[in-house]
Each structure stands twice: as structure tokens, then as C-alpha cells.
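What's in target-v9.txt: compact mmCIF, C-alpha atoms and all ligand atoms
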# COMPACT_ATOMS: atom_id res chain seq x y z
CA MET A 1 -159.86 102.72 35.47
CA SER A 2 -158.37 99.60 33.98
CA SER A 3 -154.65 99.30 34.58
CA ALA A 4 -154.16 98.55 30.90
CA ALA A 5 -155.48 101.88 29.62
CA VAL A 6 -153.67 103.42 26.67
CA ALA A 7 -154.19 106.66 24.77
CA GLY A 8 -154.22 107.23 21.06
CA VAL A 9 -153.66 110.55 19.32
CA ASP A 10 -154.74 111.28 15.77
CA LEU A 11 -152.65 114.24 14.66
CA GLY A 12 -154.31 115.79 11.64
CA GLY A 13 -153.86 118.92 9.55
CA THR A 14 -156.96 120.49 11.06
CA LYS A 15 -157.52 118.75 14.38
CA ILE A 16 -155.85 116.77 17.12
CA GLU A 17 -158.03 113.97 18.45
CA ALA A 18 -156.92 112.26 21.67
CA ALA A 19 -158.72 109.37 23.35
CA VAL A 20 -158.07 107.02 26.26
CA PHE A 21 -159.13 103.40 25.71
CA ASP A 22 -159.53 100.44 28.06
CA ASP A 23 -158.30 97.00 27.04
CA ASP A 24 -161.60 96.26 25.27
CA HIS A 25 -161.00 99.33 23.06
CA GLN A 26 -163.82 101.25 24.76
CA VAL A 27 -163.39 105.02 25.03
CA LEU A 28 -162.87 106.21 28.61
CA GLY A 29 -162.26 109.85 27.72
CA SER A 30 -161.58 111.95 24.65
CA ALA A 31 -160.67 115.49 23.61
CA ARG A 32 -160.44 117.36 20.33
CA HIS A 33 -158.39 120.49 19.65
CA PRO A 34 -157.66 122.43 16.50
CA THR A 35 -154.13 121.87 15.18
CA PRO A 36 -152.09 125.07 15.61
CA VAL A 37 -151.77 126.90 12.29
CA MET A 38 -148.79 129.00 13.44
CA GLY A 39 -145.53 128.22 15.16
CA GLY A 40 -143.79 124.93 14.58
CA PRO A 41 -143.43 121.35 15.80
CA PRO A 42 -142.94 122.32 19.50
CA ASP A 43 -146.29 124.16 19.40
CA VAL A 44 -147.98 121.13 17.87
CA ALA A 45 -146.41 118.93 20.57
CA ALA A 46 -147.70 121.31 23.26
CA ALA A 47 -151.22 121.10 21.79
CA ILE A 48 -151.00 117.28 21.84
CA VAL A 49 -150.02 117.39 25.53
CA ILE A 50 -153.08 119.54 26.31
CA ALA A 51 -155.42 117.23 24.37
CA VAL A 52 -154.03 114.08 26.05
CA ASN A 53 -154.28 115.62 29.52
CA GLU A 54 -157.86 116.64 28.83
CA ALA A 55 -158.79 113.13 27.61
CA CYS A 56 -157.08 111.69 30.72
CA GLY A 57 -159.05 114.09 32.92
CA GLU A 58 -162.28 112.76 31.45
CA ALA A 59 -161.05 109.19 31.93
CA GLY A 60 -160.09 109.91 35.54
CA CYS A 61 -156.38 109.22 35.21
CA GLU A 62 -153.03 110.95 34.77
CA SER A 63 -151.04 110.55 31.56
CA GLY A 64 -148.21 108.97 33.58
CA ASP A 65 -150.59 106.15 34.65
CA LEU A 66 -151.16 105.08 31.04
CA THR A 67 -149.44 101.95 29.76
CA GLY A 68 -148.44 103.95 26.73
CA ILE A 69 -149.55 106.52 24.20
CA GLY A 70 -149.63 106.07 20.45
CA VAL A 71 -149.53 108.93 17.97
CA GLY A 72 -150.59 108.73 14.34
CA SER A 73 -148.78 111.54 12.54
CA PRO A 74 -148.68 112.77 8.96
CA GLY A 75 -145.32 112.85 7.25
CA VAL A 76 -142.51 110.33 7.20
CA VAL A 77 -142.23 108.63 10.57
CA ASP A 78 -139.19 106.84 11.96
CA SER A 79 -140.95 104.59 14.45
CA GLY A 80 -137.66 103.53 16.07
CA SER A 81 -136.60 107.03 17.11
CA GLY A 82 -140.08 108.62 17.16
CA THR A 83 -139.04 111.38 14.76
CA VAL A 84 -141.35 112.88 12.18
CA SER A 85 -140.22 114.74 9.07
CA GLY A 86 -141.84 116.34 6.03
CA ALA A 87 -145.27 116.68 7.65
CA ARG A 88 -146.40 119.22 5.07
CA ASN A 89 -149.94 119.61 6.46
CA LEU A 90 -148.52 120.80 9.81
CA PRO A 91 -147.07 124.28 10.44
CA ASP A 92 -143.40 124.70 9.52
CA TRP A 93 -142.71 120.96 9.70
CA GLU A 94 -140.47 120.28 6.70
CA GLY A 95 -137.47 119.11 8.69
CA GLU A 96 -137.10 116.43 11.35
CA PHE A 97 -138.57 116.72 14.85
CA ALA A 98 -138.23 114.22 17.71
CA LEU A 99 -141.93 114.11 18.54
CA GLY A 100 -141.84 110.82 20.49
CA PRO A 101 -139.06 111.83 22.94
CA GLU A 102 -140.61 115.29 23.43
CA LEU A 103 -144.02 113.80 24.32
CA ALA A 104 -142.47 111.10 26.52
CA GLU A 105 -140.83 113.79 28.60
CA LYS A 106 -143.98 115.92 28.92
CA LEU A 107 -146.46 113.09 29.45
CA GLY A 108 -144.37 110.69 31.51
CA THR A 109 -145.07 107.44 29.67
CA GLN A 110 -143.94 105.43 26.64
CA ILE A 111 -144.74 106.96 23.27
CA ALA A 112 -145.06 105.08 19.99
CA VAL A 113 -145.28 107.11 16.78
CA GLY A 114 -146.63 105.78 13.49
CA ASN A 115 -147.93 107.20 10.22
CA ASP A 116 -151.52 108.48 10.64
CA VAL A 117 -152.96 106.68 7.64
CA ALA A 118 -151.10 103.44 8.39
CA VAL A 119 -152.48 103.29 11.95
CA ALA A 120 -156.01 104.16 10.77
CA THR A 121 -155.81 101.37 8.17
CA ASP A 122 -154.58 99.02 10.87
CA ALA A 123 -157.54 99.90 13.11
CA GLU A 124 -159.97 99.16 10.27
CA PHE A 125 -158.14 95.89 9.58
CA GLU A 126 -158.16 94.74 13.23
CA LEU A 127 -161.50 96.07 14.44
CA GLY A 128 -163.44 97.68 11.60
CA ALA A 129 -164.56 97.11 8.03
CA GLY A 130 -161.37 95.21 7.12
CA LYS A 131 -161.84 92.46 9.72
CA PRO A 132 -163.02 89.69 7.34
CA TYR A 133 -160.01 90.08 5.01
CA HIS A 134 -156.29 89.33 4.80
CA SER A 135 -155.36 92.04 2.31
CA ILE A 136 -156.88 95.51 2.16
CA LEU A 137 -156.26 98.98 0.81
CA GLY A 138 -157.40 101.85 3.05
CA VAL A 139 -158.15 105.13 1.28
CA PHE A 140 -158.53 108.19 3.48
CA TRP A 141 -160.23 111.02 1.63
CA GLY A 142 -159.82 114.31 3.47
CA THR A 143 -157.59 117.40 3.17
CA GLY A 144 -155.31 115.13 1.17
CA VAL A 145 -155.79 111.55 0.00
CA GLY A 146 -153.85 108.99 2.06
CA GLY A 147 -153.53 105.26 1.60
CA GLY A 148 -152.69 102.33 3.86
CA ILE A 149 -151.85 98.79 2.78
CA VAL A 150 -152.21 95.45 4.54
CA LEU A 151 -150.98 92.39 2.61
CA ASP A 152 -151.42 88.82 3.87
CA ASP A 153 -152.21 90.12 7.38
CA HIS A 154 -149.12 92.34 7.50
CA PRO A 155 -148.98 96.11 7.15
CA TRP A 156 -146.84 97.16 4.18
CA HIS A 157 -144.84 100.32 4.84
CA GLY A 158 -142.21 99.95 2.14
CA ARG A 159 -139.16 101.92 3.24
CA GLY A 160 -141.45 104.13 5.31
CA ALA A 161 -143.32 105.98 2.57
CA ALA A 162 -145.60 103.32 1.01
CA GLY A 163 -149.30 103.94 0.51
CA GLU A 164 -149.06 107.44 -0.97
CA ILE A 165 -152.08 106.82 -3.16
CA GLY A 166 -152.77 110.58 -3.26
CA HIS A 167 -149.74 110.94 -5.50
CA MET A 168 -150.69 108.27 -8.01
CA VAL A 169 -150.73 110.01 -11.38
CA VAL A 170 -154.25 110.14 -12.76
CA LYS A 171 -153.43 112.61 -15.55
CA ILE A 172 -150.06 113.08 -17.23
CA ASP A 173 -149.04 116.76 -17.15
CA GLY A 174 -152.25 117.39 -15.25
CA ARG A 175 -153.06 119.81 -12.48
CA GLN A 176 -150.38 121.06 -10.10
CA CYS A 177 -150.27 119.11 -6.81
CA GLN A 178 -149.31 120.47 -3.38
CA CYS A 179 -146.32 118.14 -3.53
CA GLY A 180 -144.91 120.11 -6.47
CA ARG A 181 -145.59 117.39 -9.06
CA ARG A 182 -148.33 117.30 -11.65
CA GLY A 183 -151.43 115.23 -12.25
CA CYS A 184 -151.60 113.56 -8.81
CA LEU A 185 -154.90 112.12 -7.56
CA GLU A 186 -154.76 114.57 -4.64
CA ALA A 187 -154.68 117.55 -7.03
CA TYR A 188 -158.19 116.53 -8.12
CA ALA A 189 -159.67 114.89 -5.04
CA GLY A 190 -157.95 116.40 -1.96
CA ARG A 191 -160.26 118.70 -0.03
CA GLY A 192 -157.49 121.32 -0.03
CA ALA A 193 -157.19 121.24 -3.82
CA MET A 194 -160.98 121.21 -4.24
CA GLU A 195 -161.26 124.29 -2.04
CA ALA A 196 -158.53 126.14 -3.97
CA ARG A 197 -160.39 125.38 -7.20
CA ALA A 198 -163.75 126.47 -5.76
CA ARG A 199 -162.23 129.75 -4.50
CA LYS A 200 -160.71 130.49 -7.89
CA ARG A 201 -163.93 129.85 -9.81
CA HIS A 202 -165.98 131.79 -7.24
CA ALA A 203 -163.55 134.74 -7.57
CA GLU A 204 -164.02 134.56 -11.34
CA GLY A 205 -167.71 135.18 -10.77
CA GLU A 206 -169.19 131.69 -10.78
CA HIS A 207 -172.18 131.20 -8.52
CA THR A 208 -171.90 128.80 -5.61
CA GLU A 209 -173.46 128.36 -2.16
CA LEU A 210 -170.23 126.82 -0.80
CA PHE A 211 -168.83 129.97 0.80
CA LYS A 212 -172.18 131.14 2.12
CA ILE A 213 -172.61 127.81 3.90
CA MET A 214 -169.04 128.09 5.20
CA GLU A 215 -169.66 131.56 6.63
CA LYS A 216 -173.00 130.57 8.13
CA ARG A 217 -171.20 127.80 10.00
CA GLY A 218 -168.48 130.18 11.14
CA ARG A 219 -165.76 128.12 9.44
CA PRO A 220 -162.61 129.52 7.83
CA ARG A 221 -162.46 126.69 5.28
CA LEU A 222 -164.62 124.34 3.29
CA THR A 223 -164.98 121.48 5.75
CA SER A 224 -166.42 118.08 4.82
CA ALA A 225 -169.72 119.18 6.38
CA VAL A 226 -169.81 122.27 4.14
CA TRP A 227 -169.25 120.16 1.02
CA ALA A 228 -171.95 117.71 2.11
CA LYS A 229 -174.44 120.53 2.73
CA ALA A 230 -173.70 122.15 -0.66
CA LEU A 231 -174.16 118.83 -2.41
CA GLU A 232 -177.49 118.37 -0.62
CA ALA A 233 -178.52 121.85 -1.82
CA GLN A 234 -177.63 120.75 -5.39
CA ASP A 235 -174.95 123.40 -5.73
CA LYS A 236 -173.68 123.13 -9.31
CA LEU A 237 -170.02 123.96 -8.68
CA ALA A 238 -169.80 121.68 -5.63
CA ALA A 239 -171.38 118.84 -7.60
CA GLU A 240 -168.97 119.33 -10.51
CA LEU A 241 -165.86 119.39 -8.28
CA ILE A 242 -167.05 116.30 -6.43
CA ASP A 243 -167.77 114.48 -9.69
CA GLU A 244 -164.23 115.27 -10.77
CA ALA A 245 -162.85 114.05 -7.42
CA VAL A 246 -164.82 110.81 -7.65
CA SER A 247 -163.60 110.00 -11.14
CA ALA A 248 -159.99 110.71 -10.09
CA LEU A 249 -160.46 108.48 -7.02
CA GLY A 250 -161.90 105.75 -9.25
CA ALA A 251 -158.86 105.81 -11.55
CA GLY A 252 -156.29 106.06 -8.75
CA ILE A 253 -157.80 103.38 -6.52
CA ALA A 254 -158.40 101.01 -9.44
CA SER A 255 -154.76 101.42 -10.52
CA ALA A 256 -153.57 100.53 -7.02
CA VAL A 257 -155.92 97.54 -7.01
CA ASN A 258 -154.55 96.38 -10.38
CA LEU A 259 -151.09 96.31 -8.80
CA LEU A 260 -151.94 94.75 -5.43
CA ASP A 261 -155.13 92.72 -6.08
CA VAL A 262 -156.40 93.26 -2.52
CA GLU A 263 -159.67 91.70 -1.36
CA ALA A 264 -161.23 94.94 -0.19
CA VAL A 265 -160.93 98.72 -0.35
CA ILE A 266 -161.94 100.65 2.77
CA ILE A 267 -162.96 104.29 2.24
CA GLY A 268 -162.45 106.62 5.21
CA GLY A 269 -161.24 110.15 5.95
CA GLY A 270 -163.25 113.31 6.66
CA LEU A 271 -165.00 113.45 3.28
CA GLY A 272 -165.32 109.68 2.98
CA VAL A 273 -166.99 109.32 6.38
CA ARG A 274 -169.18 112.41 5.91
CA PHE A 275 -170.51 111.39 2.47
CA GLY A 276 -171.08 107.85 3.69
CA GLU A 277 -172.33 104.75 1.94
CA PRO A 278 -173.82 106.34 -1.21
CA MET A 279 -170.43 107.90 -2.02
CA ALA A 280 -168.63 104.58 -1.43
CA ARG A 281 -170.94 103.13 -4.11
CA ARG A 282 -170.15 106.01 -6.47
CA ILE A 283 -166.42 105.45 -5.99
CA GLU A 284 -166.92 101.74 -6.65
CA GLU A 285 -168.72 102.60 -9.90
CA ALA A 286 -165.96 105.01 -10.89
CA MET A 287 -163.36 102.27 -10.29
CA ALA A 288 -165.22 99.66 -12.37
CA PRO A 289 -164.09 100.65 -15.88
CA HIS A 290 -160.43 100.65 -14.76
CA VAL A 291 -160.28 97.41 -12.76
CA PHE A 292 -158.36 94.88 -14.84
CA ASN A 293 -159.68 91.82 -12.99
CA SER A 294 -163.25 92.85 -13.76
CA ALA A 295 -164.66 89.39 -13.05
CA HIS A 296 -163.49 89.71 -9.42
CA PRO A 297 -163.36 93.34 -8.39
CA PRO A 298 -162.50 94.04 -4.74
CA GLU A 299 -165.28 94.77 -2.28
CA VAL A 300 -165.59 98.45 -1.41
CA HIS A 301 -166.64 99.38 2.13
CA LEU A 302 -167.02 102.51 4.14
CA ALA A 303 -164.64 102.73 7.14
CA ALA A 304 -166.54 101.37 10.14
CA LEU A 305 -164.74 103.17 12.97
CA GLY A 306 -165.63 106.70 11.87
CA ASP A 307 -163.84 109.68 13.31
CA LEU A 308 -162.17 107.80 16.16
CA GLY A 309 -160.46 105.26 13.88
CA GLY A 310 -157.20 107.20 13.77
CA ALA A 311 -156.95 107.54 17.55
CA LEU A 312 -157.92 103.89 18.01
CA GLY A 313 -155.25 102.79 15.53
CA ALA A 314 -152.67 104.87 17.39
CA ALA A 315 -153.73 103.21 20.65
CA LEU A 316 -153.32 99.76 19.05
CA LEU A 317 -149.81 100.80 18.01
CA ALA A 318 -149.04 101.82 21.61
CA ARG A 319 -150.25 98.44 22.91
CA ARG A 320 -148.17 96.52 20.39
CA SER A 321 -145.12 98.61 21.05
CA VAL A 322 -145.37 98.13 24.81
CA ALA A 323 -145.91 94.36 24.35
CA ALA A 324 -142.80 94.19 22.16
CA ARG A 325 -140.69 95.86 24.83
CA THR A 326 -141.81 93.68 27.74
ZN ZN B 1 -148.66 115.02 -5.49
Spit out the file's structure as C-alpha cells when you get a sec.
Ligand SMILES: [Zn+2]
Amino acid sequence: MSSAAVAGVDLGGTKIEAAVFDDDHQVLGSARHPTPVMGGPPDVAAAIVIAVNEACGEAGCESGDLTGIGVGSPGVVDSGSGTVSGARNLPDWEGEFALGPELAEKLGTQIAVGNDVAVATDAEFELGAGKPYHSILGVFWGTGVGGGIVLDDHPWHGRGAAGEIGHMVVKIDGRQCQCGRRGCLEAYAGRGAMEARARKRHAEGEHTELFKIMEKRGRPRLTSAVWAKALEAQDKLAAELIDEAVSALGAGIASAVNLLDVEAVIIGGGLGVRFGEPMARRIEEAMAPHVFNSAHPPEVHLAALGDLGGALGAALLARRSVAART
């Protein structure tokens, strides 16, 4: 094992992905665990420890041998103290929890914590589809809709909460969002909101294959794969909800582009990656009528790093953080 190995952890609402990388960003070992749905932050931290140890086992090392570990977490992250607060997609995580210090104690190495979407955007910028550009907008379409911003080669975090593209208003007084506000992009395009809508219409008697496909796959929720399969089977309700999501994404992303005038938009996330290139083109088409600078619209690309982008971005954060301290 290279002495410069680091681990990256992508902490998501549904899964925890941990991977150990060598200094050429090659994967030495990886592990994936479901995110606990019960308990609280200490239970999530314990699940991260298990996933990291498993990835280390595959890589043939101990966590204490790693140069550092990076964690990409939802919620508002204080990267100085390693605390995470308001991670609404995680169980009972409204308040503040010192995730970094807790993991440092259990795993015996330096921990760097960053926002999940920010680190995934950074990975695409450094090593993926954003490489040719100086300014990009990353849009991660999954359970929610997250955004990451890089301007003139620098990540833009605002005061810690920038990039919340999922809460751009696409319809005034529109549908209720998980965040408690109305008309947010996420209320139309988030996989969670799409599922809630599908369940309601199904309960009202509308025909759909969505839940049959879900049950056949032994899943408790409508995963990206279930949506993709239903779309393939030309399920009417699935197609309608996806059409609605795509037009909301088009309006929200184009509005962000009108403000920032980035060179490229990178589409990732569970649904983004699963639907692939044809859906990136559909989103680009949905953006077109709203882009003010229509003579020079941004390029729209699919995220190139796939499912491991989040973990890789977290590992890059760990490397940078260690380099800054030495
Ligand atoms: Zn919202």
C-alpha cells in the first residue's frame, strides 16, 4: 500500500460509501452500507466507522495508517471544527454534532469534513467532466437537488450554505418543499418529492408500474433504478413526473446560470447518473428557453466520476487539509 493513501466517505441519505485511494486516485478498497434510518448522529458515525474499516480491510491497511480521511456530509458543515448541523436527510440530525472529532477518535487519523455536494463538485472540477473549465455549476439530482459552485478556479461556499439550487423558487406559491417553503425546485424534482407524489396518485387509484417494480426489486423506496426501469417500460405516471422534474430543473439551473454565467453545468447525483447522457440533453433543452445569454449557453455534461465521485471528492479534501497542516 502506498504510504500516501487516504480515504473518502460519501455520507448520503440512503447510503454511506467509503473508499481508500492511492496518490493517483486509484481505488484500493471500497465499502457501501445503508445509512441508518433510526437513532441519531452517533449511530451514523458508528456506521461510517464500520464502512471505513471494511474499505481499509479490502485495501490491506488499518484506518490509523491512512494519511487522513475526508467526509462529504449533507447539512451545514463547519470545516474548522468538523461539526455538522441541520442534516435533514439523516436521522434526528437537526442540531449540531461534532462528527470530525468523533471519527478522529474512533479511526485514529486526521478527519476533514466538507459539504457532500461541494466535495463532489470539486472532484468533477479536478478530475472529471469539469476539468477543461474555470467556472462550473454542479447539479446533483437525487433524493434532493444539490448544487456546487466553482468560480475562477475557486470553490464558492458563501457563508457555508451556498449552492442550494434545490431551493431556487421555480413556482411562486407552488408545491410544499421538505424545507417548509413553497415552490422550490426540489419540491418538483427531488426523488423524495417525486416518490411522495407518485404514492399519492397511486393511492388515488392511478395506474403505475412504479411500485410493482420497487417490490420486485425488494426495495422499500423508489430508487433511481426503479424510476429508470419504469421510464423504460413507458409508465405514464413515471414519465409525467419526470417531465415535470426536467422542466423544473431546466428553469432552476438556467436561473442559476443567468446569475453566475458559468462555462459548464455538470449533472450528477443518483438520478442524473442513472438516466445518463440522454437526460443531460433533455435538461439542456429544458434550460434553453430560460437562458438569457442564449447566444452562448453553457455546456451541459454528465458527471464523469459516477457513483464514486463523492468519496473521491472527500478524499481530495482530506489530502488538501493534511497538506495545509504540514
Ligand atoms: Zn425548499
Problem set entry | For ligand ZN 1 (chain B), the nearest of the candidates A:Leu210, A:Leu308, A:Cys177, A:Ile283, counting all atoms listed in the file |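 The shortest atom-to-atom distance to ligand ZN 1 (chain B) comes from A:Cys177.
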Problem set entry | Closest of A:Ala118, A:Val169, A:Met279, A:Leu222 to ligand ZN 1 (chain B) - atom-to-atom distances counting only C-alpha atoms and all ligand atoms |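 Smallest separation from ligand ZN 1 (chain B) among the options: A:Val169.
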Which polymer residues have any atom within 12 Å of an atom of A:Ile172, counting all atoms listed in the file, with same-chain residues fewer than 4 positions away left out, as a PDB file with C-alpha atoms, in the frame of the given file?
ATOM      1  CA  HIS A 167    -149.740 110.940  -5.500  1.00  0.00           C
ATOM      2  CA  MET A 168    -150.690 108.270  -8.010  1.00  0.00           C
ATOM      3  CA  GLN A 176    -150.380 121.060 -10.100  1.00  0.00           C
ATOM      4  CA  ARG A 181    -145.590 117.390  -9.060  1.00  0.00           C
ATOM      5  CA  ARG A 182    -148.330 117.300 -11.650  1.00  0.00           C
ATOM      6  CA  GLY A 183    -151.430 115.230 -12.250  1.00  0.00           C
ATOM      7  CA  CYS A 184    -151.600 113.560  -8.810  1.00  0.00           C
ATOM      8  CA  LEU A 185    -154.900 112.120  -7.560  1.00  0.00           C
TER       9      LEU A 185
END
For this session: Pick out the closest residue to A:Arg197 from this set: A:Ala225, A:Ile165, A:Ala87, A:Ala245. Count only C-alpha atoms.
Result: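 Nearest candidate to A:Arg197 out of A:Ala225, A:Ile165, A:Ala87, A:Ala245: A:Ala245.
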Within 12 Å of stretch 137-142 of chain A, which residues of stretch 16-121 of chain A show up? Give each one with its shortest atom-to-atom distance in Å (one decimal) and the two atoms involved, counting all atoms listed in the file, rows by chain then rising residue number, as a tab-separated table.
residue	atom	partner	partner_atom	distance
A:Asn89	CA	A:Gly142	CA	11.6
A:Asp116	CA	A:Phe140	CA	10.0
A:Val117	CA	A:Phe140	CA	7.1
A:Ala118	CA	A:Gly138	CA	8.4
A:Val119	CA	A:Gly138	CA	10.3
A:Ala120	CA	A:Gly138	CA	8.2
A:Thr121	CA	A:Gly138	CA	5.4
Problem set entry | Residue nearest A:Ala304 among A:Arg219, A:Arg320, A:Lys131, A:Arg325 (counting all atoms listed in the file) | A:Lys131
Exercise. Pick the closest to ligand ZN 1 (chain B) from A:Met194, A:Ala264, A:Ala295, A:Val170: which is it, counting only C-alpha atoms and all ligand atoms?
Worked result: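 Nearest to ligand ZN 1 (chain B): A:Val170.
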Exercise. Between A:Ala187, A:Leu28, A:Ala104, A:Ala55, which one has atoms that come closest to ligand ZN 1 (chain B), using only C-alpha atoms and all ligand atoms?
Worked result: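 Of the candidates, the smallest distance to ligand ZN 1 (chain B) is held by A:Ala187.
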For this session: Please identify all polymer residues within 12 Å of A:Ala239, counting only C-alpha atoms, omitting same-chain residues fewer than 3 positions from it, and present them as a PyMOL selection string.
Result: chain A and resi 194+198+208-210+227-236+242-246
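Taking atom CA of A:Ala254 and atom CA of A:Tyr188 as the two end points, the separation is 15.6 Å.
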Problem set entry | All residues 12 Å or closer to A:Glu285, all atoms listed in the file, same chain fewer than 6 positions away omitted, as a PyMOL selection string | chain A and resi 243+246-251+253-254+278-279+291+294+297-300
For this session: Kindly give the distance, in Å, that separates atom CA of A:Gly180 and atom CA of A:Asp43, rounded to a single decimal.
Result: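 Interatomic distance, atom CA of A:Gly180 to atom CA of A:Asp43: 26.2 Å.
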Seminar exercise, completed: Students should find that atom CA of A:Ala318 and atom CA of A:Asp78 are spaced 14.7 Å
Using all atoms listed in the file, can you list as an mmCIF file with C-alpha atoms, keeping the file's coordinate frame the residues within 10 Å of (-150.2, 119.2, 3.1)?
data_model
loop_
_atom_site.group_PDB
_atom_site.id
_atom_site.type_symbol
_atom_site.label_atom_id
_atom_site.label_comp_id
_atom_site.auth_asym_id
_atom_site.auth_seq_id
_atom_site.Cartn_x
_atom_site.Cartn_y
_atom_site.Cartn_z
ATOM 1 C CA GLY A 13 -153.860 118.920 9.550
ATOM 2 C CA PRO A 74 -148.680 112.770 8.960
ATOM 3 C CA GLY A 75 -145.320 112.850 7.250
ATOM 4 C CA GLY A 86 -141.840 116.340 6.030
ATOM 5 C CA ALA A 87 -145.270 116.680 7.650
ATOM 6 C CA ARG A 88 -146.400 119.220 5.070
ATOM 7 C CA ASN A 89 -149.940 119.610 6.460
ATOM 8 C CA LEU A 90 -148.520 120.800 9.810
ATOM 9 C CA PRO A 91 -147.070 124.280 10.440
ATOM 10 C CA THR A 143 -157.590 117.400 3.170
ATOM 11 C CA GLY A 144 -155.310 115.130 1.170
ATOM 12 C CA VAL A 145 -155.790 111.550 0.000
ATOM 13 C CA CYS A 177 -150.270 119.110 -6.810
ATOM 14 C CA GLN A 178 -149.310 120.470 -3.380
ATOM 15 C CA CYS A 179 -146.320 118.140 -3.530
ATOM 16 C CA GLY A 190 -157.950 116.400 -1.960
ATOM 17 C CA GLY A 192 -157.490 121.320 -0.030
#
Problem set entry | All residues 10 Å or closer to A:Gly57, only C-alpha atoms, same chain fewer than 3 positions away omitted, as a list in words | Val20, Leu28, Gly29, Ser30, Ala31, Ala51, Val52, Asn53, Glu54, Gly60, Cys61, Glu62 and Ser63 of chain A
Problem set entry | Near-A:Gln26 list (10 Å; all atoms listed in the file; drop same-chain fewer than 5 positions) as an NGL selection string | :A and (5 or 19-21 or 312)
How big is the axis-aligned box around all listed atoms of stretch 155-170 of chain A once 4 Å goes on each side, and where's its centre, in Å to one decimal, as AutoDock Vina command-line options?
--center_x -146.7 --center_y 103.5 --center_z -2.8 --size_x 23.1 --size_y 22.8 --size_z 27.9
Place N, CA, C and O atoms on stretch 53-65 of chain A and deliver the coordinates as a PDB file, in the coordinates of the input.
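Saved result, part34.pdb, follows:
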ATOM      1  N   ASN A  53    -153.947 115.379  28.116  1.00  0.00           N
ATOM      2  CA  ASN A  53    -154.280 115.620  29.520  1.00  0.00           C
ATOM      3  C   ASN A  53    -155.776 115.793  29.716  1.00  0.00           C
ATOM      4  O   ASN A  53    -156.343 115.315  30.707  1.00  0.00           O
ATOM      5  N   GLU A  54    -156.421 116.444  28.739  1.00  0.00           N
ATOM      6  CA  GLU A  54    -157.860 116.640  28.830  1.00  0.00           C
ATOM      7  C   GLU A  54    -158.597 115.294  28.720  1.00  0.00           C
ATOM      8  O   GLU A  54    -159.530 115.030  29.486  1.00  0.00           O
ATOM      9  N   ALA A  55    -158.164 114.456  27.771  1.00  0.00           N
ATOM     10  CA  ALA A  55    -158.790 113.130  27.610  1.00  0.00           C
ATOM     11  C   ALA A  55    -158.574 112.306  28.881  1.00  0.00           C
ATOM     12  O   ALA A  55    -159.470 111.582  29.337  1.00  0.00           O
ATOM     13  N   CYS A  56    -157.375 112.408  29.472  1.00  0.00           N
ATOM     14  CA  CYS A  56    -157.080 111.690  30.720  1.00  0.00           C
ATOM     15  C   CYS A  56    -157.991 112.180  31.841  1.00  0.00           C
ATOM     16  O   CYS A  56    -158.506 111.382  32.621  1.00  0.00           O
ATOM     17  N   GLY A  57    -158.179 113.513  31.892  1.00  0.00           N
ATOM     18  CA  GLY A  57    -159.050 114.090  32.920  1.00  0.00           C
ATOM     19  C   GLY A  57    -160.433 113.481  32.856  1.00  0.00           C
ATOM     20  O   GLY A  57    -161.009 113.082  33.872  1.00  0.00           O
ATOM     21  N   GLU A  58    -160.952 113.344  31.620  1.00  0.00           N
ATOM     22  CA  GLU A  58    -162.280 112.760  31.450  1.00  0.00           C
ATOM     23  C   GLU A  58    -162.281 111.290  31.843  1.00  0.00           C
ATOM     24  O   GLU A  58    -163.276 110.769  32.345  1.00  0.00           O
ATOM     25  N   ALA A  59    -161.149 110.618  31.609  1.00  0.00           N
ATOM     26  CA  ALA A  59    -161.050 109.190  31.930  1.00  0.00           C
ATOM     27  C   ALA A  59    -160.724 108.963  33.399  1.00  0.00           C
ATOM     28  O   ALA A  59    -160.742 107.827  33.884  1.00  0.00           O
ATOM     29  N   GLY A  60    -160.408 110.036  34.127  1.00  0.00           N
ATOM     30  CA  GLY A  60    -160.090 109.910  35.540  1.00  0.00           C
ATOM     31  C   GLY A  60    -158.711 109.322  35.792  1.00  0.00           C
ATOM     32  O   GLY A  60    -158.515 108.512  36.704  1.00  0.00           O
ATOM     33  N   CYS A  61    -157.747 109.709  34.993  1.00  0.00           N
ATOM     34  CA  CYS A  61    -156.380 109.220  35.210  1.00  0.00           C
ATOM     35  C   CYS A  61    -155.384 110.324  34.878  1.00  0.00           C
ATOM     36  O   CYS A  61    -155.750 111.398  34.400  1.00  0.00           O
ATOM     37  N   GLU A  62    -154.115 110.038  35.159  1.00  0.00           N
ATOM     38  CA  GLU A  62    -153.030 110.950  34.770  1.00  0.00           C
ATOM     39  C   GLU A  62    -152.325 110.307  33.585  1.00  0.00           C
ATOM     40  O   GLU A  62    -152.282 109.073  33.487  1.00  0.00           O
ATOM     41  N   SER A  63    -151.712 111.133  32.731  1.00  0.00           N
ATOM     42  CA  SER A  63    -151.040 110.550  31.560  1.00  0.00           C
ATOM     43  C   SER A  63    -149.936 109.569  31.975  1.00  0.00           C
ATOM     44  O   SER A  63    -149.702 108.558  31.307  1.00  0.00           O
ATOM     45  N   GLY A  64    -149.284 109.852  33.104  1.00  0.00           N
ATOM     46  CA  GLY A  64    -148.210 108.970  33.580  1.00  0.00           C
ATOM     47  C   GLY A  64    -148.698 107.594  34.000  1.00  0.00           C
ATOM     48  O   GLY A  64    -147.911 106.647  34.100  1.00  0.00           O
ATOM     49  N   ASP A  65    -150.028 107.461  34.268  1.00  0.00           N
ATOM     50  CA  ASP A  65    -150.590 106.150  34.650  1.00  0.00           C
ATOM     51  C   ASP A  65    -150.822 105.261  33.432  1.00  0.00           C
ATOM     52  O   ASP A  65    -151.031 104.051  33.566  1.00  0.00           O
TER      53      ASP A  65
END
